[in-house]
Amino acid sequence: MKLFLKITGIGCSSLVVLLLALVIFIGSVAPETSVYVGNELPKKFVKAVRSQNLLEEDERIQYFYSDAVFDVTASMYFLSDRKLVLQSEEWQQPSILLKFHDIAELDIYRDQSFFSDSTIFVTTHAGEEYAFPLSSEKNLDERFYKALKAKVNEPS
């Protein structure tokens with residue numbers, strides 16, 4: 001009986017240590033759960049975006065969000081000083097680059113729950129419709145949306 005308890009104790013302890021190591025690993029490689037403001041975006045994520053050829057050499061990211069767990073390029077949405085970029089490996093066309101003058105309408109559905117994301121809806125002058133998620137943490141979804149709306153409404 002004592003041997004059984006020792007083996008069970010060692011097994012449970014090992015499982016707890018393994019789960020803790022997994023949580024630490026995910027925390028170190030995964031993006032934040034909130035929207036990044038451009039100057040706070042880690043260099044490794046900027047490098048990942050550049051590796052996808054989604055930015056011009058002197059283009060700067062203003063807001064960035066990824067709902068991916070390990071690889072931000074699998075699912076990321078960002079606003080640069082020149083365009084809106086939507087990318088998801090799950091979409092038929094994985095990368096969508098929208099110049100501000102191509103956007104006709106914008107709308108936001110704000111979900112202030114920690115467990116759900118807000119959704120931005122974009123309609124182009126060509127009638128294409130897109131939707132993408134943004135975390136509502138720290139109200140950065142609203143800041144992203146307002147910055148995008150301001151860019152869309154700027155005179156050409």
# chains A, B, ... in the order shown; residues from 1 in each chain; ligands from 1

call {"tool": "residues_around", "arguments": {"residues": "Gln52 (chain A)", "least_positions_apart": "3", "cutoff": "8 Å", "atoms": "only C-alpha atoms", "output": "number ranges by chain"}}
result
A: 48-49, 73

call {"tool": "select_by_dssp", "arguments": {"residues": "region 2-156 of chain A", "states": "helix (DSSP H, G or I)", "output": "mmCIF file with C-alpha atoms, in the first residue's frame"}}
result
data_model
loop_
_atom_site.group_PDB
_atom_site.id
_atom_site.type_symbol
_atom_site.label_atom_id
_atom_site.label_comp_id
_atom_site.auth_asym_id
_atom_site.auth_seq_id
_atom_site.Cartn_x
_atom_site.Cartn_y
_atom_site.Cartn_z
ATOM 1 C CA LYS A 2 2.842 2.416 0.867
ATOM 2 C CA LEU A 3 4.466 1.696 -2.503
ATOM 3 C CA PHE A 4 1.211 2.491 -4.275
ATOM 4 C CA LEU A 5 0.898 5.830 -2.413
ATOM 5 C CA LYS A 6 4.518 6.734 -3.234
ATOM 6 C CA ILE A 7 4.054 5.949 -6.935
ATOM 7 C CA THR A 8 0.763 7.870 -7.023
ATOM 8 C CA GLY A 9 2.345 10.845 -5.226
ATOM 9 C CA ILE A 10 5.328 10.888 -7.588
ATOM 10 C CA GLY A 11 3.023 10.589 -10.601
ATOM 11 C CA CYS A 12 0.760 13.448 -9.462
ATOM 12 C CA SER A 13 3.737 15.644 -8.573
ATOM 13 C CA SER A 14 5.312 14.991 -11.969
ATOM 14 C CA LEU A 15 2.056 15.890 -13.700
ATOM 15 C CA VAL A 16 1.795 19.171 -11.752
ATOM 16 C CA VAL A 17 5.414 20.067 -12.608
ATOM 17 C CA LEU A 18 4.811 19.229 -16.273
ATOM 18 C CA LEU A 19 1.653 21.363 -16.417
ATOM 19 C CA LEU A 20 3.449 24.255 -14.712
ATOM 20 C CA ALA A 21 6.303 24.019 -17.235
ATOM 21 C CA LEU A 22 3.761 24.030 -20.077
ATOM 22 C CA VAL A 23 2.039 27.154 -18.719
ATOM 23 C CA ILE A 24 5.411 28.919 -18.376
ATOM 24 C CA PHE A 25 6.374 27.919 -21.928
ATOM 25 C CA ILE A 26 3.094 29.160 -23.419
ATOM 26 C CA GLY A 27 3.378 32.398 -21.447
ATOM 27 C CA SER A 28 6.857 33.020 -22.827
ATOM 28 C CA VAL A 29 6.058 32.449 -26.528
ATOM 29 C CA GLY A 38 2.796 49.866 -31.940
ATOM 30 C CA ASN A 39 5.708 51.047 -29.806
ATOM 31 C CA GLU A 40 5.059 48.221 -27.294
ATOM 32 C CA LYS A 43 10.583 42.893 -31.940
ATOM 33 C CA LYS A 44 10.007 39.176 -32.502
ATOM 34 C CA PHE A 45 6.438 39.924 -33.653
ATOM 35 C CA VAL A 46 7.563 42.740 -35.947
ATOM 36 C CA LYS A 47 10.119 40.323 -37.396
ATOM 37 C CA ALA A 48 7.362 37.715 -37.905
ATOM 38 C CA VAL A 49 5.202 40.286 -39.730
ATOM 39 C CA ARG A 50 8.124 41.334 -41.920
ATOM 40 C CA SER A 51 8.868 37.691 -42.732
ATOM 41 C CA VAL A 72 1.345 35.068 -34.416
ATOM 42 C CA THR A 73 1.477 34.712 -38.199
ATOM 43 C CA ALA A 74 -1.270 32.079 -37.969
ATOM 44 C CA PHE A 100 -7.584 53.101 -46.184
ATOM 45 C CA HIS A 101 -9.146 54.656 -49.311
ATOM 46 C CA ASP A 102 -10.558 51.207 -50.250
ATOM 47 C CA GLU A 137 -8.813 44.517 -22.548
ATOM 48 C CA LYS A 138 -7.794 48.037 -21.521
ATOM 49 C CA ASN A 139 -10.308 49.366 -24.114
ATOM 50 C CA LEU A 140 -7.604 49.007 -26.769
ATOM 51 C CA ASP A 141 -10.159 47.569 -29.196
ATOM 52 C CA GLU A 142 -11.891 50.933 -29.155
ATOM 53 C CA ARG A 143 -8.601 52.804 -29.640
ATOM 54 C CA PHE A 144 -7.725 50.534 -32.597
ATOM 55 C CA TYR A 145 -11.163 51.137 -34.113
ATOM 56 C CA LYS A 146 -11.032 54.924 -33.635
ATOM 57 C CA ALA A 147 -7.536 55.107 -35.161
ATOM 58 C CA LEU A 148 -8.699 53.045 -38.148
ATOM 59 C CA LYS A 149 -11.811 55.192 -38.571
ATOM 60 C CA ALA A 150 -9.691 58.360 -38.473
ATOM 61 C CA LYS A 151 -7.386 56.951 -41.189
ATOM 62 C CA VAL A 152 -10.353 55.970 -43.361
ATOM 63 C CA ASN A 153 -11.926 59.410 -42.982
#

call {"tool": "closest_residue", "arguments": {"among": "A:Tyr109, A:Phe115, A:Tyr36, A:Phe132", "to": "Tyr77 (chain A)", "atoms": "only C-alpha atoms"}}
result
A:Phe132

call {"tool": "select_by_dssp", "arguments": {"residues": "chain A", "states": "strand (DSSP E or B)", "output": "PyMOL selection string"}}
result
chain A and resi 36-37+61-66+75-80+83-88+95-99+103-109+118-124+129-134

call {"tool": "closest_residue", "arguments": {"among": "A:Ile108, A:Ile96, A:Ala126, A:Ile103", "to": "Met76 (chain A)", "atoms": "only C-alpha atoms"}}
result
A:Ile96

call {"tool": "atom_distance", "arguments": {"atom1": "CA of Leu106 (chain A)", "atom2": "CA of Thr119 (chain A)"}}
result
10.7 Å

call {"tool": "closest_residue", "arguments": {"among": "A:Tyr65, A:Leu54, A:Gly127, A:Phe114", "to": "Pro42 (chain A)", "atoms": "only C-alpha atoms"}}
result
A:Tyr65

call {"tool": "closest_residue", "arguments": {"among": "A:Asp58, A:Val122, A:Asp71, A:Ser116", "to": "Leu86 (chain A)", "atoms": "only C-alpha atoms"}}
result
A:Val122

call {"tool": "atom_distance", "arguments": {"atom1": "CA of Arg60 (chain A)", "atom2": "CA of Leu41 (chain A)"}}
result
10.8 Å

call {"tool": "residues_around", "arguments": {"residues": "Asp117 (chain A)", "least_positions_apart": "4", "cutoff": "10 Å", "atoms": "only C-alpha atoms", "output": "list in words"}}
result
Thr33, Ser34, Asp67, Tyr109, Arg110, Asp111, Gln112, Ser113, Phe132, Pro133, Leu134, Ser135, Ser136, Glu137 and Asp141 of chain A

call {"tool": "write_last_selection", "arguments": {"atoms": "N, CA, C and O atoms", "output": "mmCIF file, in the first residue's frame"}}
result
data_model
loop_
_atom_site.group_PDB
_atom_site.id
_atom_site.type_symbol
_atom_site.label_atom_id
_atom_site.label_comp_id
_atom_site.auth_asym_id
_atom_site.auth_seq_id
_atom_site.Cartn_x
_atom_site.Cartn_y
_atom_site.Cartn_z
ATOM 1 N N THR A 33 -2.768 38.856 -24.381
ATOM 2 C CA THR A 33 -4.171 38.669 -24.749
ATOM 3 C C THR A 33 -4.835 39.981 -25.106
ATOM 4 O O THR A 33 -5.998 39.996 -25.482
ATOM 5 N N SER A 34 -4.112 41.092 -25.006
ATOM 6 C CA SER A 34 -4.676 42.389 -25.363
ATOM 7 C C SER A 34 -4.040 42.899 -26.655
ATOM 8 O O SER A 34 -3.067 42.338 -27.149
ATOM 9 N N ASP A 67 -4.761 36.480 -32.025
ATOM 10 C CA ASP A 67 -5.461 35.535 -31.157
ATOM 11 C C ASP A 67 -4.860 34.139 -31.283
ATOM 12 O O ASP A 67 -5.425 33.166 -30.813
ATOM 13 N N TYR A 109 -18.533 45.777 -32.928
ATOM 14 C CA TYR A 109 -19.376 45.156 -31.906
ATOM 15 C C TYR A 109 -18.454 44.956 -30.716
ATOM 16 O O TYR A 109 -17.551 44.127 -30.756
ATOM 17 N N ARG A 110 -18.647 45.747 -29.680
ATOM 18 C CA ARG A 110 -17.785 45.673 -28.499
ATOM 19 C C ARG A 110 -18.306 44.622 -27.544
ATOM 20 O O ARG A 110 -19.463 44.637 -27.161
ATOM 21 N N ASP A 111 -17.443 43.721 -27.169
ATOM 22 C CA ASP A 111 -17.749 42.712 -26.160
ATOM 23 C C ASP A 111 -16.743 42.915 -25.045
ATOM 24 O O ASP A 111 -15.563 42.657 -25.222
ATOM 25 N N GLN A 112 -17.186 43.414 -23.921
ATOM 26 C CA GLN A 112 -16.268 43.753 -22.844
ATOM 27 C C GLN A 112 -15.966 42.583 -21.920
ATOM 28 O O GLN A 112 -15.280 42.740 -20.923
ATOM 29 N N SER A 113 -16.420 41.404 -22.285
ATOM 30 C CA SER A 113 -16.123 40.207 -21.517
ATOM 31 C C SER A 113 -14.660 39.834 -21.682
ATOM 32 O O SER A 113 -14.079 39.984 -22.760
ATOM 33 N N PHE A 132 -13.017 40.864 -38.093
ATOM 34 C CA PHE A 132 -11.867 40.340 -37.368
ATOM 35 C C PHE A 132 -11.997 40.679 -35.890
ATOM 36 O O PHE A 132 -12.622 41.667 -35.518
ATOM 37 N N PRO A 133 -11.403 39.848 -35.033
ATOM 38 C CA PRO A 133 -11.533 40.033 -33.586
ATOM 39 C C PRO A 133 -10.474 40.980 -33.028
ATOM 40 O O PRO A 133 -9.386 41.122 -33.588
ATOM 41 N N LEU A 134 -10.825 41.621 -31.917
ATOM 42 C CA LEU A 134 -9.881 42.412 -31.126
ATOM 43 C C LEU A 134 -10.228 42.215 -29.651
ATOM 44 O O LEU A 134 -11.404 42.262 -29.283
ATOM 45 N N SER A 135 -9.233 42.043 -28.836
ATOM 46 C CA SER A 135 -9.460 41.946 -27.400
ATOM 47 C C SER A 135 -9.946 43.293 -26.870
ATOM 48 O O SER A 135 -9.465 44.343 -27.281
ATOM 49 N N SER A 136 -10.887 43.245 -25.934
ATOM 50 C CA SER A 136 -11.406 44.482 -25.353
ATOM 51 C C SER A 136 -10.633 44.913 -24.104
ATOM 52 O O SER A 136 -10.950 45.939 -23.508
ATOM 53 N N GLU A 137 -9.609 44.158 -23.725
ATOM 54 C CA GLU A 137 -8.813 44.517 -22.548
ATOM 55 C C GLU A 137 -8.262 45.930 -22.687
ATOM 56 O O GLU A 137 -7.785 46.314 -23.751
ATOM 57 N N ASP A 141 -9.368 47.838 -27.996
ATOM 58 C CA ASP A 141 -10.159 47.569 -29.196
ATOM 59 C C ASP A 141 -10.780 48.858 -29.712
ATOM 60 O O ASP A 141 -10.778 49.134 -30.909
#

call {"tool": "decode", "arguments": {"residues": "region 44-129 of chain A", "atoms": "C-alpha atoms", "output": "PDB file, in the first residue's frame"}}
result
ATOM      1  CA  LYS A  44      10.007  39.176 -32.502  1.00  0.00           C
ATOM      2  CA  PHE A  45       6.438  39.924 -33.653  1.00  0.00           C
ATOM      3  CA  VAL A  46       7.563  42.740 -35.947  1.00  0.00           C
ATOM      4  CA  LYS A  47      10.119  40.323 -37.396  1.00  0.00           C
ATOM      5  CA  ALA A  48       7.362  37.715 -37.905  1.00  0.00           C
ATOM      6  CA  VAL A  49       5.202  40.286 -39.730  1.00  0.00           C
ATOM      7  CA  ARG A  50       8.124  41.334 -41.920  1.00  0.00           C
ATOM      8  CA  SER A  51       8.868  37.691 -42.732  1.00  0.00           C
ATOM      9  CA  GLN A  52       5.368  37.516 -44.254  1.00  0.00           C
ATOM     10  CA  ASN A  53       6.142  40.550 -46.498  1.00  0.00           C
ATOM     11  CA  LEU A  54       3.179  42.454 -45.083  1.00  0.00           C
ATOM     12  CA  LEU A  55       5.060  45.696 -44.366  1.00  0.00           C
ATOM     13  CA  GLU A  56       7.033  48.034 -46.556  1.00  0.00           C
ATOM     14  CA  GLU A  57      10.534  48.904 -45.353  1.00  0.00           C
ATOM     15  CA  ASP A  58       9.643  52.196 -43.622  1.00  0.00           C
ATOM     16  CA  GLU A  59       6.052  51.285 -42.691  1.00  0.00           C
ATOM     17  CA  ARG A  60       5.181  51.236 -38.980  1.00  0.00           C
ATOM     18  CA  ILE A  61       2.612  49.214 -37.032  1.00  0.00           C
ATOM     19  CA  GLN A  62       0.311  51.338 -34.863  1.00  0.00           C
ATOM     20  CA  TYR A  63      -1.925  48.631 -33.334  1.00  0.00           C
ATOM     21  CA  PHE A  64      -1.494  44.860 -33.402  1.00  0.00           C
ATOM     22  CA  TYR A  65      -3.551  41.912 -32.177  1.00  0.00           C
ATOM     23  CA  SER A  66      -3.120  38.178 -32.497  1.00  0.00           C
ATOM     24  CA  ASP A  67      -5.461  35.535 -31.157  1.00  0.00           C
ATOM     25  CA  ALA A  68      -2.968  32.788 -32.005  1.00  0.00           C
ATOM     26  CA  VAL A  69      -1.414  30.780 -29.190  1.00  0.00           C
ATOM     27  CA  PHE A  70       2.056  29.971 -30.532  1.00  0.00           C
ATOM     28  CA  ASP A  71       2.701  31.526 -33.955  1.00  0.00           C
ATOM     29  CA  VAL A  72       1.345  35.068 -34.416  1.00  0.00           C
ATOM     30  CA  THR A  73       1.477  34.712 -38.199  1.00  0.00           C
ATOM     31  CA  ALA A  74      -1.270  32.079 -37.969  1.00  0.00           C
ATOM     32  CA  SER A  75      -3.788  34.750 -36.986  1.00  0.00           C
ATOM     33  CA  MET A  76      -2.985  38.461 -36.729  1.00  0.00           C
ATOM     34  CA  TYR A  77      -4.674  41.774 -37.386  1.00  0.00           C
ATOM     35  CA  PHE A  78      -2.893  45.105 -37.447  1.00  0.00           C
ATOM     36  CA  LEU A  79      -3.168  48.729 -38.377  1.00  0.00           C
ATOM     37  CA  SER A  80      -0.119  50.380 -39.876  1.00  0.00           C
ATOM     38  CA  ASP A  81       0.426  53.953 -40.919  1.00  0.00           C
ATOM     39  CA  ARG A  82      -0.559  52.873 -44.479  1.00  0.00           C
ATOM     40  CA  LYS A  83      -3.078  50.044 -44.340  1.00  0.00           C
ATOM     41  CA  LEU A  84      -5.150  47.525 -42.426  1.00  0.00           C
ATOM     42  CA  VAL A  85      -3.804  43.964 -42.541  1.00  0.00           C
ATOM     43  CA  LEU A  86      -5.870  40.891 -41.704  1.00  0.00           C
ATOM     44  CA  GLN A  87      -4.260  37.461 -41.741  1.00  0.00           C
ATOM     45  CA  SER A  88      -5.552  34.050 -40.757  1.00  0.00           C
ATOM     46  CA  GLU A  89      -4.384  30.649 -41.945  1.00  0.00           C
ATOM     47  CA  GLU A  90      -7.998  29.496 -41.665  1.00  0.00           C
ATOM     48  CA  TRP A  91      -9.208  31.809 -44.443  1.00  0.00           C
ATOM     49  CA  GLN A  92      -9.347  30.918 -48.128  1.00  0.00           C
ATOM     50  CA  GLN A  93      -7.260  34.028 -48.837  1.00  0.00           C
ATOM     51  CA  PRO A  94      -4.948  34.094 -45.782  1.00  0.00           C
ATOM     52  CA  SER A  95      -3.648  37.690 -46.136  1.00  0.00           C
ATOM     53  CA  ILE A  96      -5.881  40.688 -46.788  1.00  0.00           C
ATOM     54  CA  LEU A  97      -4.249  44.096 -47.180  1.00  0.00           C
ATOM     55  CA  LEU A  98      -6.665  47.025 -47.285  1.00  0.00           C
ATOM     56  CA  LYS A  99      -5.576  50.551 -48.138  1.00  0.00           C
ATOM     57  CA  PHE A 100      -7.584  53.101 -46.184  1.00  0.00           C
ATOM     58  CA  HIS A 101      -9.146  54.656 -49.311  1.00  0.00           C
ATOM     59  CA  ASP A 102     -10.558  51.207 -50.250  1.00  0.00           C
ATOM     60  CA  ILE A 103     -12.633  51.013 -47.046  1.00  0.00           C
ATOM     61  CA  ALA A 104     -16.207  52.288 -47.371  1.00  0.00           C
ATOM     62  CA  GLU A 105     -17.730  51.365 -43.991  1.00  0.00           C
ATOM     63  CA  LEU A 106     -16.586  50.370 -40.524  1.00  0.00           C
ATOM     64  CA  ASP A 107     -18.477  49.127 -37.516  1.00  0.00           C
ATOM     65  CA  ILE A 108     -17.597  47.594 -34.170  1.00  0.00           C
ATOM     66  CA  TYR A 109     -19.376  45.156 -31.906  1.00  0.00           C
ATOM     67  CA  ARG A 110     -17.785  45.673 -28.499  1.00  0.00           C
ATOM     68  CA  ASP A 111     -17.749  42.712 -26.160  1.00  0.00           C
ATOM     69  CA  GLN A 112     -16.268  43.753 -22.844  1.00  0.00           C
ATOM     70  CA  SER A 113     -16.123  40.207 -21.517  1.00  0.00           C
ATOM     71  CA  PHE A 114     -12.661  38.876 -20.704  1.00  0.00           C
ATOM     72  CA  PHE A 115     -13.550  35.612 -22.419  1.00  0.00           C
ATOM     73  CA  SER A 116     -14.840  37.008 -25.738  1.00  0.00           C
ATOM     74  CA  ASP A 117     -13.349  39.428 -28.236  1.00  0.00           C
ATOM     75  CA  SER A 118     -14.909  42.457 -29.835  1.00  0.00           C
ATOM     76  CA  THR A 119     -15.438  42.306 -33.603  1.00  0.00           C
ATOM     77  CA  ILE A 120     -14.610  44.942 -36.207  1.00  0.00           C
ATOM     78  CA  PHE A 121     -16.619  44.819 -39.436  1.00  0.00           C
ATOM     79  CA  VAL A 122     -15.120  46.284 -42.615  1.00  0.00           C
ATOM     80  CA  THR A 123     -16.855  46.814 -45.964  1.00  0.00           C
ATOM     81  CA  THR A 124     -14.879  47.932 -49.003  1.00  0.00           C
ATOM     82  CA  HIS A 125     -16.071  50.141 -51.865  1.00  0.00           C
ATOM     83  CA  ALA A 126     -16.020  46.940 -53.971  1.00  0.00           C
ATOM     84  CA  GLY A 127     -18.585  45.392 -51.601  1.00  0.00           C
ATOM     85  CA  GLU A 128     -16.220  42.920 -49.919  1.00  0.00           C
ATOM     86  CA  GLU A 129     -16.955  42.319 -46.244  1.00  0.00           C
TER      87      GLU A 129
END
